[in-house]
$ cat input_8.cif   # mmCIF, C-alpha atoms, pLDDT in the B column; chains and numbers go by the auth columns
data_query
#
loop_
_atom_site.group_PDB
_atom_site.id
_atom_site.type_symbol
_atom_site.label_atom_id
_atom_site.label_comp_id
_atom_site.label_asym_id
_atom_site.label_seq_id
_atom_site.Cartn_x
_atom_site.Cartn_y
_atom_site.Cartn_z
_atom_site.B_iso_or_equiv
_atom_site.auth_seq_id
_atom_site.auth_asym_id
ATOM 1 C CA PRO A 1 -24.777 4.079 -17.377 57.00 602 A
ATOM 2 C CA ASN A 2 -23.677 3.161 -13.885 74.00 603 A
ATOM 3 C CA VAL A 3 -19.941 2.519 -13.915 80.00 604 A
ATOM 4 C CA VAL A 4 -19.202 2.886 -10.215 80.00 605 A
ATOM 5 C CA GLY A 5 -19.132 -0.886 -9.645 81.00 606 A
ATOM 6 C CA THR A 6 -16.825 -1.404 -12.608 82.00 607 A
ATOM 7 C CA ALA A 7 -14.531 1.385 -11.437 81.00 608 A
ATOM 8 C CA ASN A 8 -14.367 -0.049 -7.897 78.00 609 A
ATOM 9 C CA ALA A 9 -13.683 -3.569 -9.155 79.00 610 A
ATOM 10 C CA THR A 10 -10.972 -2.328 -11.504 81.00 611 A
ATOM 11 C CA ALA A 11 -9.289 -0.321 -8.767 79.00 612 A
ATOM 12 C CA ALA A 12 -9.416 -3.287 -6.383 75.00 613 A
ATOM 13 C CA GLY A 13 -7.973 -5.592 -9.033 76.00 614 A
ATOM 14 C CA TRP A 14 -5.091 -3.249 -9.765 78.00 615 A
ATOM 15 C CA GLY A 15 -4.445 -2.930 -6.029 72.00 616 A
ATOM 16 C CA ASN A 16 -4.200 -6.693 -5.589 72.00 617 A
ATOM 17 C CA LEU A 17 -2.031 -6.982 -8.686 77.00 618 A
ATOM 18 C CA GLY A 18 0.317 -4.438 -7.155 76.00 619 A
ATOM 19 C CA GLY A 19 0.903 -6.693 -4.132 74.00 620 A
ATOM 20 C CA GLY A 20 1.885 -9.610 -6.355 75.00 621 A
ATOM 21 C CA VAL A 21 4.102 -7.510 -8.598 81.00 622 A
ATOM 22 C CA THR A 22 5.817 -6.098 -5.523 80.00 623 A
ATOM 23 C CA GLN A 23 6.583 -9.617 -4.282 77.00 624 A
ATOM 24 C CA ILE A 24 8.210 -10.504 -7.605 80.00 625 A
ATOM 25 C CA PHE A 25 9.991 -7.160 -7.989 84.00 626 A
ATOM 26 C CA MET A 26 11.508 -7.210 -4.503 85.00 627 A
ATOM 27 C CA VAL A 27 13.000 -10.661 -4.965 83.00 628 A
ATOM 28 C CA VAL A 28 14.005 -10.721 -8.629 86.00 629 A
ATOM 29 C CA VAL A 29 15.039 -7.120 -9.253 88.00 630 A
ATOM 30 C CA LEU A 30 16.410 -6.085 -5.857 89.00 631 A
ATOM 31 C CA PHE A 31 17.172 -8.976 -3.503 89.00 632 A
ATOM 32 C CA GLN A 32 18.750 -11.513 -5.895 90.00 633 A
ATOM 33 C CA PRO A 33 21.198 -9.069 -7.561 92.00 634 A
ATOM 34 C CA PHE A 34 22.432 -7.834 -4.186 92.00 635 A
ATOM 35 C CA LYS A 35 22.850 -11.404 -2.974 92.00 636 A
ATOM 36 C CA GLU A 36 24.693 -12.390 -6.147 93.00 637 A
ATOM 37 C CA ALA A 37 26.967 -9.362 -5.688 94.00 638 A
ATOM 38 C CA GLY A 38 28.247 -10.996 -2.504 94.00 639 A
ATOM 39 C CA MET A 39 26.014 -9.637 0.236 93.00 640 A
ATOM 40 C CA GLU A 40 24.711 -11.883 2.962 93.00 641 A
ATOM 41 C CA PRO A 41 21.004 -12.671 2.414 89.00 642 A
ATOM 42 C CA ASP A 42 19.810 -10.700 5.451 89.00 643 A
ATOM 43 C CA THR A 43 21.910 -7.685 4.475 92.00 644 A
ATOM 44 C CA ALA A 44 20.788 -7.897 0.836 91.00 645 A
ATOM 45 C CA TRP A 45 17.155 -7.899 1.940 88.00 646 A
ATOM 46 C CA ARG A 46 17.613 -4.894 4.197 90.00 647 A
ATOM 47 C CA VAL A 47 19.454 -2.944 1.501 91.00 648 A
ATOM 48 C CA SER A 48 16.783 -3.808 -1.070 89.00 649 A
ATOM 49 C CA LEU A 49 14.141 -2.244 1.195 88.00 650 A
ATOM 50 C CA ILE A 50 15.844 1.139 0.852 91.00 651 A
ATOM 51 C CA PHE A 51 14.668 1.443 -2.758 89.00 652 A
ATOM 52 C CA PRO A 52 10.900 1.196 -2.170 87.00 653 A
ATOM 53 C CA ALA A 53 11.197 3.507 0.837 90.00 654 A
ATOM 54 C CA ALA A 54 13.021 6.120 -1.238 94.00 655 A
ATOM 55 C CA PHE A 55 10.544 5.676 -4.099 91.00 656 A
ATOM 56 C CA CYS A 56 7.578 6.203 -1.757 91.00 657 A
ATOM 57 C CA LEU A 57 9.168 9.320 -0.285 96.00 658 A
ATOM 58 C CA ILE A 58 9.887 10.793 -3.732 97.00 659 A
ATOM 59 C CA THR A 59 6.356 9.967 -4.898 95.00 660 A
ATOM 60 C CA ALA A 60 4.829 11.617 -1.813 95.00 661 A
ATOM 61 C CA ILE A 61 6.861 14.783 -2.380 96.00 662 A
ATOM 62 C CA CYS A 62 5.882 14.883 -6.068 95.00 663 A
ATOM 63 C CA VAL A 63 2.186 14.398 -5.255 93.00 664 A
ATOM 64 C CA LYS A 64 2.299 17.152 -2.637 91.00 665 A
ATOM 65 C CA CYS A 65 4.146 19.597 -4.901 92.00 666 A
ATOM 66 C CA PHE A 66 2.664 18.934 -8.340 93.00 667 A
ATOM 67 C CA CYS A 67 -0.868 17.517 -7.955 91.00 668 A
ATOM 68 C CA TRP A 68 -4.036 19.502 -7.577 88.00 669 A
ATOM 69 C CA ASP A 69 -6.320 18.819 -4.610 83.00 670 A
ATOM 70 C CA THR A 70 -9.507 19.453 -6.580 81.00 671 A
ATOM 71 C CA PRO A 71 -10.317 19.769 -10.288 82.00 672 A
ATOM 72 C CA THR A 72 -10.615 23.553 -9.950 83.00 673 A
ATOM 73 C CA ALA A 73 -7.997 24.474 -7.347 80.00 674 A
ATOM 74 C CA LYS A 74 -4.427 23.529 -6.617 85.00 675 A
ATOM 75 C CA ARG A 75 -5.054 23.518 -2.858 82.00 676 A
ATOM 76 C CA PHE A 76 -8.270 22.764 -0.974 82.00 677 A
ATOM 77 C CA HIS A 77 -9.367 25.135 1.776 80.00 678 A
ATOM 78 C CA PRO A 78 -12.332 24.438 4.080 77.00 679 A
ATOM 79 C CA SER A 79 -13.569 27.965 3.330 78.00 680 A
ATOM 80 C CA ASP A 80 -14.323 26.767 -0.227 76.00 681 A
ATOM 81 C CA THR A 81 -17.253 24.788 1.231 79.00 682 A
ATOM 82 C CA GLY A 82 -18.453 27.605 3.484 79.00 683 A
ATOM 83 C CA LYS A 83 -16.757 26.308 6.627 80.00 684 A
ATOM 84 C CA THR A 84 -14.640 28.624 8.713 76.00 685 A
ATOM 85 C CA GLN A 85 -12.156 25.983 9.862 79.00 686 A
ATOM 86 C CA GLY A 86 -10.944 22.500 9.071 76.00 687 A
ATOM 87 C CA ALA A 87 -12.035 19.276 10.732 79.00 688 A
ATOM 88 C CA SER A 88 -10.984 18.799 14.331 85.00 689 A
ATOM 89 C CA MET A 89 -10.095 15.551 16.037 88.00 690 A
ATOM 90 C CA TRP A 90 -13.528 15.617 17.666 90.00 691 A
ATOM 91 C CA ASP A 91 -15.143 15.619 14.203 86.00 692 A
ATOM 92 C CA TYR A 92 -13.368 12.368 13.413 86.00 693 A
ATOM 93 C CA CYS A 93 -14.486 10.880 16.736 90.00 694 A
ATOM 94 C CA GLU A 94 -18.055 11.999 16.003 91.00 695 A
ATOM 95 C CA VAL A 95 -18.075 9.894 12.821 91.00 696 A
ATOM 96 C CA LEU A 96 -17.377 6.764 14.874 92.00 697 A
ATOM 97 C CA LYS A 97 -20.833 7.047 16.416 92.00 698 A
ATOM 98 C CA ASP A 98 -22.241 5.649 13.172 93.00 699 A
ATOM 99 C CA MET A 99 -22.084 1.847 13.429 94.00 700 A
ATOM 100 C CA ARG A 100 -21.790 1.506 9.646 94.00 701 A
ATOM 101 C CA VAL A 101 -18.491 3.382 9.750 92.00 702 A
ATOM 102 C CA VAL A 102 -17.175 1.119 12.505 92.00 703 A
ATOM 103 C CA VAL A 103 -18.226 -2.018 10.612 94.00 704 A
ATOM 104 C CA MET A 104 -16.556 -0.723 7.453 91.00 705 A
ATOM 105 C CA ILE A 105 -13.319 -0.069 9.368 90.00 706 A
ATOM 106 C CA PHE A 106 -13.289 -3.610 10.751 90.00 707 A
ATOM 107 C CA GLN A 107 -14.127 -5.152 7.371 89.00 708 A
ATOM 108 C CA TYR A 108 -11.325 -3.278 5.654 85.00 709 A
ATOM 109 C CA SER A 109 -8.896 -4.093 8.455 84.00 710 A
ATOM 110 C CA ALA A 110 -9.690 -7.802 8.256 85.00 711 A
ATOM 111 C CA CYS A 111 -9.522 -7.864 4.458 81.00 712 A
ATOM 112 C CA PHE A 112 -6.258 -5.951 4.197 78.00 713 A
ATOM 113 C CA GLY A 113 -4.732 -7.809 7.134 78.00 714 A
ATOM 114 C CA THR A 114 -5.527 -11.132 5.488 81.00 715 A
ATOM 115 C CA GLU A 115 -3.999 -9.947 2.226 77.00 716 A
ATOM 116 C CA LEU A 116 -0.802 -8.881 3.983 75.00 717 A
ATOM 117 C CA ALA A 117 -0.589 -12.184 5.844 79.00 718 A
ATOM 118 C CA MET A 118 -1.072 -14.159 2.618 79.00 719 A
ATOM 119 C CA ASN A 119 1.519 -12.096 0.739 72.00 720 A
ATOM 120 C CA ASN A 120 3.934 -12.584 3.604 73.00 721 A
ATOM 121 C CA GLN A 121 3.484 -16.333 4.112 82.00 722 A
ATOM 122 C CA LEU A 122 2.606 -17.720 0.688 80.00 723 A
ATOM 123 C CA ALA A 123 6.118 -17.448 -0.757 78.00 724 A
ATOM 124 C CA THR A 124 7.542 -19.090 2.370 81.00 725 A
ATOM 125 C CA HIS A 125 4.996 -21.903 2.026 85.00 726 A
ATOM 126 C CA PHE A 126 5.994 -22.576 -1.581 84.00 727 A
ATOM 127 C CA ARG A 127 9.711 -22.494 -0.710 83.00 728 A
ATOM 128 C CA SER A 128 9.273 -24.833 2.268 87.00 729 A
ATOM 129 C CA TYR A 129 6.797 -27.383 0.913 86.00 730 A
ATOM 130 C CA PHE A 130 7.642 -27.408 -2.790 88.00 731 A
ATOM 131 C CA GLN A 131 11.375 -26.567 -2.615 86.00 732 A
ATOM 132 C CA MET A 132 10.920 -23.614 -4.965 82.00 733 A
ATOM 133 C CA LYS A 133 13.476 -20.829 -5.297 78.00 734 A
ATOM 134 C CA ALA A 134 12.464 -17.469 -3.861 70.00 735 A
ATOM 135 C CA ASP A 135 12.043 -15.846 -7.266 67.00 736 A
ATOM 136 C CA GLN A 136 9.751 -18.685 -8.428 71.00 737 A
ATOM 137 C CA ALA A 137 7.660 -18.800 -5.270 66.00 738 A
#
$ encode --input "input_8.cif" --output "structure tokens"
Amino acid sequence: PNVVGTANATAAGWGNLGGGVTQIFMVVVLFQPFKEAGMEPDTAWRVSLIFPAAFCLITAICVKCFCWDTPTAKRFHPSDTGKTQGASMWDYCEVLKDMRVVVMIFQYSACFGTELAMNNQLATHFRSYFQMKADQA
């Protein structure tokens, strides 16, 4: 059975869910406690951003050190595919000659940019127009 479509849809759904969970987590778990501890709102927000940055850095280090690049080898080498060297910058530029690649880049950029804009402005909209608290918006 063909499960590629289901796998892609599931991955996309989890990705979008992550954006919403991050919005809630940042406000409820990080920002509000710092603010209630006596920090000014702008300082509390800046301090709360340290935690995701540190988490991303730790995750990147763990992925680099502990994850395998391929199912059969801890590290991937271009020689495994018969090539004598890795991809050069010119190889990446060569790919841009295919119009389908360029269209895909623009589609993804527009889609992800719209998602970021919505995540950024939607909570502000609910706070401004419906007088909701930040953790409810």
$ resolve_selection --input "input_8.cif" --expression "the PyMOL selection byres ((chain A and resi 623) around 12)" --output "ChimeraX atom specification"
/A:616-622,624-632,650,652-653,717,720-721,736
$ atom_distance --input "input_8.cif" --atom1 "atom CA of Val696 of chain A" --atom2 "atom CA of Thr715 of chain A"
25.6 Å
$ closest_residue --input "input_8.cif" --among "A:Ser649, A:Gln633, A:Phe707, A:Ile662" --to "Ala735 of chain A" --atoms "only C-alpha atoms"
A:Gln633
$ atom_distance --input "input_8.cif" --atom1 "atom CA of Asp643 of chain A" --atom2 "atom CA of Ala724 of chain A"
16.5 Å
$ atom_distance --input "input_8.cif" --atom1 "atom CA of Glu637 of chain A" --atom2 "atom CA of Ile651 of chain A"
17.6 Å
